$ cat coords.cif   # mmCIF, C-alpha atoms and all ligand atoms
data_model
loop_
_atom_site.label_atom_id
_atom_site.label_comp_id
_atom_site.auth_asym_id
_atom_site.auth_seq_id
_atom_site.Cartn_x
_atom_site.Cartn_y
_atom_site.Cartn_z
CA MET T 1 -15.34 4.10 -1.81
CA VAL T 2 -11.96 4.14 -3.46
CA LEU T 3 -10.26 0.92 -2.66
CA VAL T 4 -8.76 0.11 -6.04
CA SER T 5 -7.04 -3.08 -7.14
CA SER T 6 -3.27 -2.71 -6.85
CA LYS T 7 -3.02 -4.47 -10.20
CA GLU T 8 -4.97 -1.62 -11.73
CA LEU T 9 -2.93 0.97 -9.80
CA VAL T 10 0.39 -0.30 -11.11
CA ASP T 11 -0.84 -1.25 -14.61
CA VAL T 12 -1.98 2.33 -15.24
CA ALA T 13 1.22 3.69 -13.69
CA TYR T 14 3.34 1.44 -15.90
CA LYS T 15 1.57 2.56 -19.07
CA ASN T 16 1.84 6.23 -18.10
CA HIS T 17 5.45 6.20 -16.85
CA PHE T 18 4.89 7.01 -13.23
CA ALA T 19 5.12 4.94 -10.07
CA VAL T 20 2.70 4.50 -7.22
CA GLY T 21 4.32 5.14 -3.84
CA ALA T 22 3.89 2.18 -1.49
CA PHE T 23 4.46 3.42 2.03
CA ASN T 24 4.99 1.13 5.00
CA VAL T 25 2.44 1.69 7.72
CA GLY T 26 4.64 0.93 10.73
CA GLU T 27 1.90 2.06 13.07
CA THR T 28 -1.63 3.30 12.51
CA ILE T 29 -0.71 6.95 13.09
CA PHE T 30 1.05 6.88 9.69
CA VAL T 31 -2.19 6.19 7.81
CA LYS T 32 -3.60 9.69 8.08
CA ASN T 33 -0.25 11.26 7.17
CA ILE T 34 0.13 9.16 4.03
CA LEU T 35 -3.46 9.69 2.89
CA LYS T 36 -3.41 13.40 3.69
CA ALA T 37 -0.32 13.89 1.50
CA ALA T 38 -1.75 11.75 -1.30
CA GLU T 39 -5.09 13.58 -1.23
CA LYS T 40 -3.39 16.99 -1.26
CA LEU T 41 -1.51 16.00 -4.43
CA ASN T 42 -4.35 13.98 -5.93
CA ALA T 43 -2.15 10.89 -6.21
CA PRO T 44 -2.87 7.15 -6.06
CA VAL T 45 -1.13 5.46 -3.15
CA ILE T 46 -0.53 2.06 -1.56
CA LEU T 47 -0.66 1.48 2.20
CA GLN T 48 1.53 -1.54 2.92
CA VAL T 49 2.28 -3.55 6.03
CA TYR T 50 5.03 -6.15 6.46
CA PRO T 51 4.52 -9.11 8.82
CA LEU T 52 6.28 -7.64 11.87
CA GLU T 53 4.31 -4.40 11.46
CA TYR T 54 1.20 -6.55 11.08
CA ASP T 55 2.00 -8.35 14.35
CA LEU T 56 2.59 -5.03 16.11
CA MET T 57 -0.72 -3.49 15.02
CA GLY T 58 -2.87 -6.64 14.92
CA SER T 59 -5.43 -7.78 12.37
CA ASP T 60 -8.06 -5.27 13.52
CA ALA T 61 -5.78 -2.45 12.40
CA ILE T 62 -6.17 -3.72 8.84
CA SER T 63 -9.91 -2.96 9.06
CA TYR T 64 -8.94 0.61 9.92
CA LEU T 65 -6.63 0.83 6.89
CA LEU T 66 -9.39 -0.51 4.66
CA ARG T 67 -11.95 1.90 6.07
CA MET T 68 -9.59 4.84 5.57
CA ALA T 69 -8.84 3.66 2.01
CA MET T 70 -12.55 3.46 1.21
CA LYS T 71 -13.17 6.96 2.60
CA SER T 72 -10.27 8.48 0.73
CA THR T 73 -10.70 10.79 -2.25
CA VAL T 74 -7.79 9.13 -4.09
CA PRO T 75 -7.33 5.52 -5.29
CA VAL T 76 -5.76 3.39 -2.55
CA ALA T 77 -4.73 -0.26 -2.24
CA VAL T 78 -3.98 -2.05 1.03
CA HIS T 79 -1.05 -4.41 0.56
CA LEU T 80 0.84 -7.10 2.48
CA ASP T 81 4.56 -6.39 2.08
CA HIS T 82 7.06 -9.30 2.18
CA GLY T 83 4.68 -12.11 3.12
CA ARG T 84 7.00 -14.86 4.34
CA ASP T 85 4.84 -17.86 3.49
CA ILE T 86 1.32 -18.88 2.48
CA PHE T 87 0.13 -18.38 6.05
CA ASP T 88 1.04 -14.69 5.94
CA VAL T 89 -0.74 -14.48 2.59
CA ALA T 90 -3.81 -16.29 3.96
CA ARG T 91 -3.93 -13.96 6.98
CA ALA T 92 -3.86 -10.91 4.72
CA VAL T 93 -6.54 -12.32 2.42
CA ARG T 94 -8.66 -13.26 5.45
CA ASP T 95 -8.28 -9.70 6.75
CA GLN T 96 -9.51 -8.41 3.38
CA MET T 97 -6.35 -6.76 2.14
CA ASN T 98 -6.76 -6.35 -1.61
CA SER T 99 -3.10 -6.92 -2.49
CA VAL T 100 -0.33 -9.20 -1.24
CA MET T 101 3.35 -9.88 -1.74
CA ILE T 102 4.79 -13.35 -1.30
CA ASP T 103 8.55 -13.17 -0.87
CA ALA T 104 10.03 -16.62 -1.31
CA SER T 105 13.08 -15.17 -3.04
CA GLY T 106 15.41 -16.78 -0.48
CA LEU T 107 14.37 -20.24 -1.73
CA PRO T 108 15.74 -22.05 -4.79
CA PHE T 109 13.95 -21.10 -8.04
CA ASP T 110 11.60 -24.13 -8.17
CA GLU T 111 10.56 -23.73 -4.54
CA ASN T 112 9.99 -19.99 -5.03
CA VAL T 113 7.76 -20.88 -8.00
CA ALA T 114 5.81 -23.45 -5.96
CA VAL T 115 5.16 -21.15 -2.95
CA THR T 116 4.33 -18.21 -5.23
CA LYS T 117 1.89 -20.30 -7.31
CA LYS T 118 0.09 -21.43 -4.17
CA SER T 119 -0.11 -17.82 -2.97
CA VAL T 120 -1.54 -16.73 -6.33
CA GLU T 121 -4.13 -19.50 -6.07
CA ILE T 122 -5.22 -18.32 -2.59
CA ALA T 123 -5.23 -14.61 -3.50
CA HIS T 124 -6.65 -14.62 -7.02
CA ARG T 125 -9.72 -16.57 -5.88
CA GLU T 126 -10.67 -13.43 -3.94
CA GLY T 127 -9.59 -10.97 -6.61
CA VAL T 128 -6.48 -10.05 -4.61
CA ALA T 129 -3.44 -9.05 -6.69
CA VAL T 130 -0.04 -10.68 -6.09
CA GLU T 131 3.53 -9.36 -6.12
CA ALA T 132 6.47 -11.76 -5.87
CA GLU T 133 10.25 -11.39 -5.89
CA LEU T 134 13.04 -12.98 -7.88
CA GLY T 135 16.69 -12.28 -7.19
CA SER T 136 17.45 -10.74 -3.83
CA ILE T 137 17.18 -7.16 -2.65
CA GLY T 138 20.31 -6.28 -0.68
CA ASN T 139 20.47 -5.94 3.04
CA ARG T 140 22.47 -3.15 4.68
CA LYS T 141 23.64 -5.59 7.36
CA ALA T 142 25.13 -8.04 4.83
CA SER T 143 28.82 -7.72 4.04
CA ALA T 144 30.11 -5.43 1.32
CA ALA T 145 32.34 -8.28 0.09
CA ASN T 146 29.16 -10.26 -0.52
CA ASN T 147 27.64 -7.40 -2.59
CA MET T 148 25.48 -6.64 0.48
CA GLY T 149 23.45 -9.76 -0.25
CA ARG T 150 22.29 -8.47 -3.64
CA VAL T 151 21.48 -11.09 -6.25
CA TYR T 152 20.44 -9.22 -9.40
CA THR T 153 17.32 -10.52 -11.10
CA ASP T 154 18.12 -12.54 -14.19
CA PRO T 155 15.81 -11.60 -17.13
CA GLU T 156 15.42 -15.10 -18.61
CA SER T 157 14.63 -16.67 -15.22
CA ALA T 158 12.25 -13.79 -14.54
CA LYS T 159 10.31 -14.51 -17.76
CA ASP T 160 10.07 -18.16 -16.82
CA PHE T 161 9.02 -17.24 -13.24
CA VAL T 162 6.23 -14.92 -14.38
CA ALA T 163 4.92 -17.46 -16.90
CA LYS T 164 4.88 -20.24 -14.31
CA THR T 165 3.32 -18.26 -11.44
CA ASN T 166 0.83 -15.86 -13.07
CA ILE T 167 1.78 -13.02 -10.68
CA ASP T 168 0.55 -9.48 -11.30
CA PHE T 169 3.81 -7.58 -10.73
CA LEU T 170 7.39 -8.47 -9.95
CA ALA T 171 9.86 -7.10 -7.42
CA VAL T 172 13.25 -6.97 -9.09
CA SER T 173 16.70 -6.70 -7.62
CA ILE T 174 18.64 -3.99 -9.45
CA GLY T 175 21.01 -2.80 -6.74
CA THR T 176 18.92 -1.21 -3.99
CA VAL T 177 19.08 -2.43 -0.41
CA HIS T 178 16.50 -2.12 2.34
CA GLY T 179 17.29 0.69 4.75
CA PRO T 180 19.96 3.39 4.67
CA TYR T 181 23.18 2.71 2.77
CA PRO T 182 26.06 2.28 5.21
CA SER T 183 28.60 3.83 2.85
CA GLY T 184 26.20 6.44 1.52
CA ASP T 185 26.27 5.24 -2.08
CA SER T 186 23.35 3.45 -3.65
CA GLU T 187 23.90 1.56 -6.88
CA ILE T 188 20.77 1.33 -8.98
CA ARG T 189 21.64 -0.58 -12.17
CA ILE T 190 19.47 1.04 -14.84
CA ASP T 191 21.12 -1.21 -17.44
CA ILE T 192 19.80 -4.33 -15.70
CA LEU T 193 16.37 -2.69 -15.27
CA LYS T 194 16.17 -1.87 -19.00
CA THR T 195 16.91 -5.49 -19.91
CA LEU T 196 14.29 -6.74 -17.44
CA ASN T 197 11.68 -4.28 -18.70
CA ALA T 198 12.32 -5.24 -22.32
CA ALA T 199 12.04 -8.94 -21.48
CA LEU T 200 9.00 -8.79 -19.19
CA LYS T 201 6.95 -5.80 -20.40
CA MET T 202 5.04 -5.74 -17.11
CA PRO T 203 4.97 -3.47 -14.04
CA LEU T 204 8.09 -3.86 -11.91
CA VAL T 205 8.54 -3.00 -8.24
CA LEU T 206 11.49 -1.27 -6.62
CA HIS T 207 12.13 -2.26 -3.02
CA GLY T 208 14.61 -0.37 -0.89
CA GLY T 209 13.33 2.95 -2.25
CA SER T 210 14.85 5.06 0.55
CA ASP T 211 18.17 6.87 0.55
CA ASN T 212 18.74 6.72 -3.22
CA PRO T 213 19.62 9.66 -5.48
CA ASP T 214 16.48 11.28 -6.93
CA ASN T 215 17.81 11.16 -10.50
CA LYS T 216 18.22 7.36 -10.31
CA ILE T 217 14.68 6.93 -8.99
CA ARG T 218 13.34 9.13 -11.82
CA GLU T 219 15.25 7.05 -14.38
CA ALA T 220 13.98 3.82 -12.84
CA VAL T 221 10.39 5.09 -13.05
CA GLN T 222 10.89 5.89 -16.74
CA ASN T 223 12.10 2.33 -17.31
CA GLY T 224 9.38 0.09 -15.94
CA ILE T 225 9.28 0.68 -12.18
CA ALA T 226 5.57 1.25 -11.41
CA LYS T 227 5.62 0.80 -7.61
CA VAL T 228 8.30 2.16 -5.29
CA ASN T 229 8.46 0.91 -1.69
CA ILE T 230 9.36 3.47 0.95
CA SER T 231 9.84 2.62 4.59
CA THR T 232 13.03 4.07 6.12
CA ASP T 233 12.63 7.57 4.66
CA ILE T 234 9.23 8.06 6.33
CA LYS T 235 10.12 6.37 9.61
CA MET T 236 13.53 7.69 10.58
CA PRO T 237 12.67 11.42 10.39
CA PHE T 238 9.33 10.72 12.12
CA TYR T 239 10.91 9.08 15.17
CA HIS T 240 13.80 11.54 15.28
CA ALA T 241 11.27 14.38 15.42
CA ILE T 242 9.54 12.66 18.34
CA LYS T 243 12.86 12.11 20.10
CA ASP T 244 13.77 15.82 19.66
CA LYS T 245 10.35 16.88 20.93
CA VAL T 246 10.56 14.68 24.02
CA ILE T 247 14.11 15.78 24.81
CA SER T 248 13.21 19.46 24.54
CA ASN T 249 9.86 19.00 26.40
CA PRO T 250 10.64 16.37 29.04
CA ASP T 251 7.37 16.98 30.93
CA GLU T 252 5.18 16.51 27.86
CA TYR T 253 3.29 13.25 27.46
CA GLU T 254 0.22 13.88 25.24
CA PRO T 255 0.54 11.95 21.96
CA TRP T 256 -1.26 14.65 19.97
CA ILE T 257 1.34 17.19 21.16
CA ILE T 258 4.41 14.95 20.95
CA THR T 259 3.64 13.76 17.41
CA LYS T 260 2.68 17.16 15.90
CA GLU T 261 6.00 17.99 14.16
CA ALA T 262 6.65 14.33 13.34
CA ASN T 263 3.32 14.12 11.51
CA GLU T 264 4.02 17.31 9.56
CA ILE T 265 7.48 16.05 8.58
CA GLN T 266 6.11 12.68 7.48
CA GLN T 267 3.38 14.31 5.37
CA LYS T 268 5.97 16.50 3.65
CA ILE T 269 8.23 13.53 2.87
CA VAL T 270 5.35 11.48 1.45
CA GLY T 271 4.41 14.48 -0.72
CA ASP T 272 8.00 14.87 -1.95
CA LYS T 273 8.12 11.17 -2.87
CA ILE T 274 4.83 11.40 -4.75
CA LYS T 275 6.26 14.26 -6.82
CA LEU T 276 9.49 12.30 -7.37
CA PHE T 277 7.52 9.28 -8.61
CA ASN T 278 5.57 11.55 -11.00
CA SER T 279 2.27 10.38 -9.51
CA GLU T 280 0.99 13.85 -8.60
CA ASN T 281 -2.43 14.53 -10.18
CA LYS T 282 -2.68 10.99 -11.53
CA ALA T 283 -5.71 10.02 -9.41
CA GLN T 284 -8.14 11.03 -12.15
CA LEU T 285 -6.68 8.36 -14.46
CA TYR T 286 -8.50 5.84 -12.29
CA PHE T 287 -11.87 7.50 -12.08
CA SER T 288 -13.28 6.23 -15.34
CA LYS T 289 -16.23 3.90 -15.58
CA ASN T 290 -13.84 1.04 -16.32
CA THR T 291 -11.97 1.34 -13.03
CA SER T 292 -12.40 -1.77 -10.91
CA LEU T 293 -13.17 -0.53 -7.45
CA THR T 294 -12.54 -3.60 -5.38
CA PRO T 295 -15.35 -4.39 -3.00
CA LEU T 296 -14.26 -6.15 0.18
CA HIS T 297 -14.26 -9.85 -0.55
CA HIS T 298 -16.09 -12.07 1.90
CA PHE T 299 -13.83 -14.57 3.43
CA SER T 300 -14.51 -17.72 5.40
CA GLU T 301 -11.93 -20.00 7.01
CA ASP T 302 -13.13 -23.09 5.11
CA LYS T 303 -11.71 -21.51 1.97
CA LEU T 304 -8.27 -22.31 3.42
CA ASP T 305 -8.91 -26.05 3.64
CA PHE T 306 -6.50 -26.79 0.85
CA ILE T 307 -3.42 -25.18 2.50
P1 LIG T 401 13.35 1.17 2.46
O1 LIG T 401 13.35 0.97 3.95
O2 LIG T 401 14.75 1.21 1.91
O3 LIG T 401 12.54 2.32 2.03
O4 LIG T 401 12.71 -0.15 1.81
C1 LIG T 401 11.35 -0.35 1.95
C2 LIG T 401 10.91 -1.61 1.30
O5 LIG T 401 11.42 -2.02 0.30
C3 LIG T 401 9.78 -2.32 1.93
O6 LIG T 401 9.46 -3.49 1.24
#

$ encode --input "coords.cif" --output "structure tokens"
Amino acid sequence: MVLVSSKELVDVAYKNHFAVGAFNVGETIFVKNILKAAEKLNAPVILQVYPLEYDLMGSDAISYLLRMAMKSTVPVAVHLDHGRDIFDVARAVRDQMNSVMIDASGLPFDENVAVTKKSVEIAHREGVAVEAELGSIGNRKASAANNMGRVYTDPESAKDFVAKTNIDFLAVSIGTVHGPYPSGDSEIRIDILKTLNAALKMPLVLHGGSDNPDNKIREAVQNGIAKVNISTDIKMPFYHAIKDKVISNPDEYEPWIITKEANEIQQKIVGDKIKLFNSENKAQLYFSKNTSLTPLHHFSEDKLDFI
């Protein structure tokens, strides 16, 4: 039974200068790959699902993630990535995820605070940890002239935001974008990160973790990033391997044959990321008698009356 609070996962990581890899489970086949790699390296890990992935797999798939997390030999949290509103948060809490993100960063500051506070209220009642975002992570489809949609997180506003919302960890915008970089150059601003870390002294989250130089990720992890989100880097090579397999074996149709190389590639990439985030062999840090293994909370719809 090792479903561990994500708050505990990232708090310990923050104190010990490593980051927990948070890998997007785009489909259930990824779960075994991510856990296999984490178990091989004895590393804590977060399985995360964003709303469109959630819709694809359905709520019942979350039970599978939770069951796999509880059977795992390493500490695991099951997290909602980029919840769009309190309904996404409520769905995740209802489905017994033990960690959620509310992303109201596209709203004006006061509205972001209000939606985030409400999400914290819903989640914390069940012992579910909350991540929120301030500033805006870039988007590879936004124009270069517009700084690819990046709005760097302002340290003073971030302090105010954390105090007003009581979140457990904060996603900061320091130059990454989601997805591959069109021009090939990522721009992680370690100077901004250092200022944020000094002001907030709490675990920070790096979104857009794919396609960045390793040395910048290492530096970010040494300066307050305790959770790194990875989606593109585990998906693109996975599906390209399937495409190659199908093209070279046009008569093949068995999933367990078609996905063989793709699974091996994905496991290797997850392992490489774990080493990059310095979380290899960190699982034992959580197996003390003080570790809060989160039991599944029991949820009933009437708890949502106040939404
Ligand atoms: P990447 O696709 O760049 O890895 O970003 C993932 C992410 O931040 C999910 O929230």

$ residues_near_ligand --input "coords.cif" --ligand "ligand LIG 401 (chain T)" --cutoff "10 Å" --atoms "all atoms listed in the file" --output "JSON, numbers by chain"
{"T": [22, 23, 24, 48, 49, 50, 80, 81, 82, 101, 103, 137, 138, 139, 140, 171, 176, 177, 178, 179, 180, 181, 205, 206, 207, 208, 209, 210, 211, 212, 228, 229, 230, 231, 232, 233, 234, 235, 236]}

$ atom_distance --input "coords.cif" --atom1 "CA of Ala145 in chain T" --atom2 "CA of Leu196 in chain T"
25.2 Å

$ residues_around --input "coords.cif" --residues "Lys268 in chain T" --least-positions-apart "4" --cutoff "9 Å" --atoms "all atoms listed in the file" --output "PyMOL selection string"
chain T and resi 33+37+263-264+272-273

$ closest_residue --input "coords.cif" --among "T:Ile46, T:Ser105, T:Val162, T:Lys117" --to "Leu134 in chain T" --atoms "all atoms listed in the file"
T:Ser105

$ closest_residue --input "coords.cif" --among "T:Arg94, T:Arg84, T:Lys282, T:Arg125" --to "Ser63 in chain T" --atoms "all atoms listed in the file"
T:Arg94

$ axis_aligned_box --input "coords.cif" --around "range 170-182 of chain T" --padding-each-side "3 Å" --output "AutoDock Vina command-line options"
--center_x 16.7 --center_y -2.5 --center_z -2.4 --size_x 24.7 --size_y 17.9 --size_z 21.2

$ closest_residue --input "coords.cif" --among "T:Ile167, T:Val31, T:Met70, T:Ala123" --to "Arg91 in chain T" --atoms "only C-alpha atoms"
T:Ala123

$ residues_around --input "coords.cif" --residues "Ala77 in chain T" --least-positions-apart "6" --cutoff "12 Å" --atoms "all atoms listed in the file" --output "number ranges by chain"
T: 1-10, 20-23, 35, 44-49, 62, 65-70, 96-100, 128-129, 227, 292-296
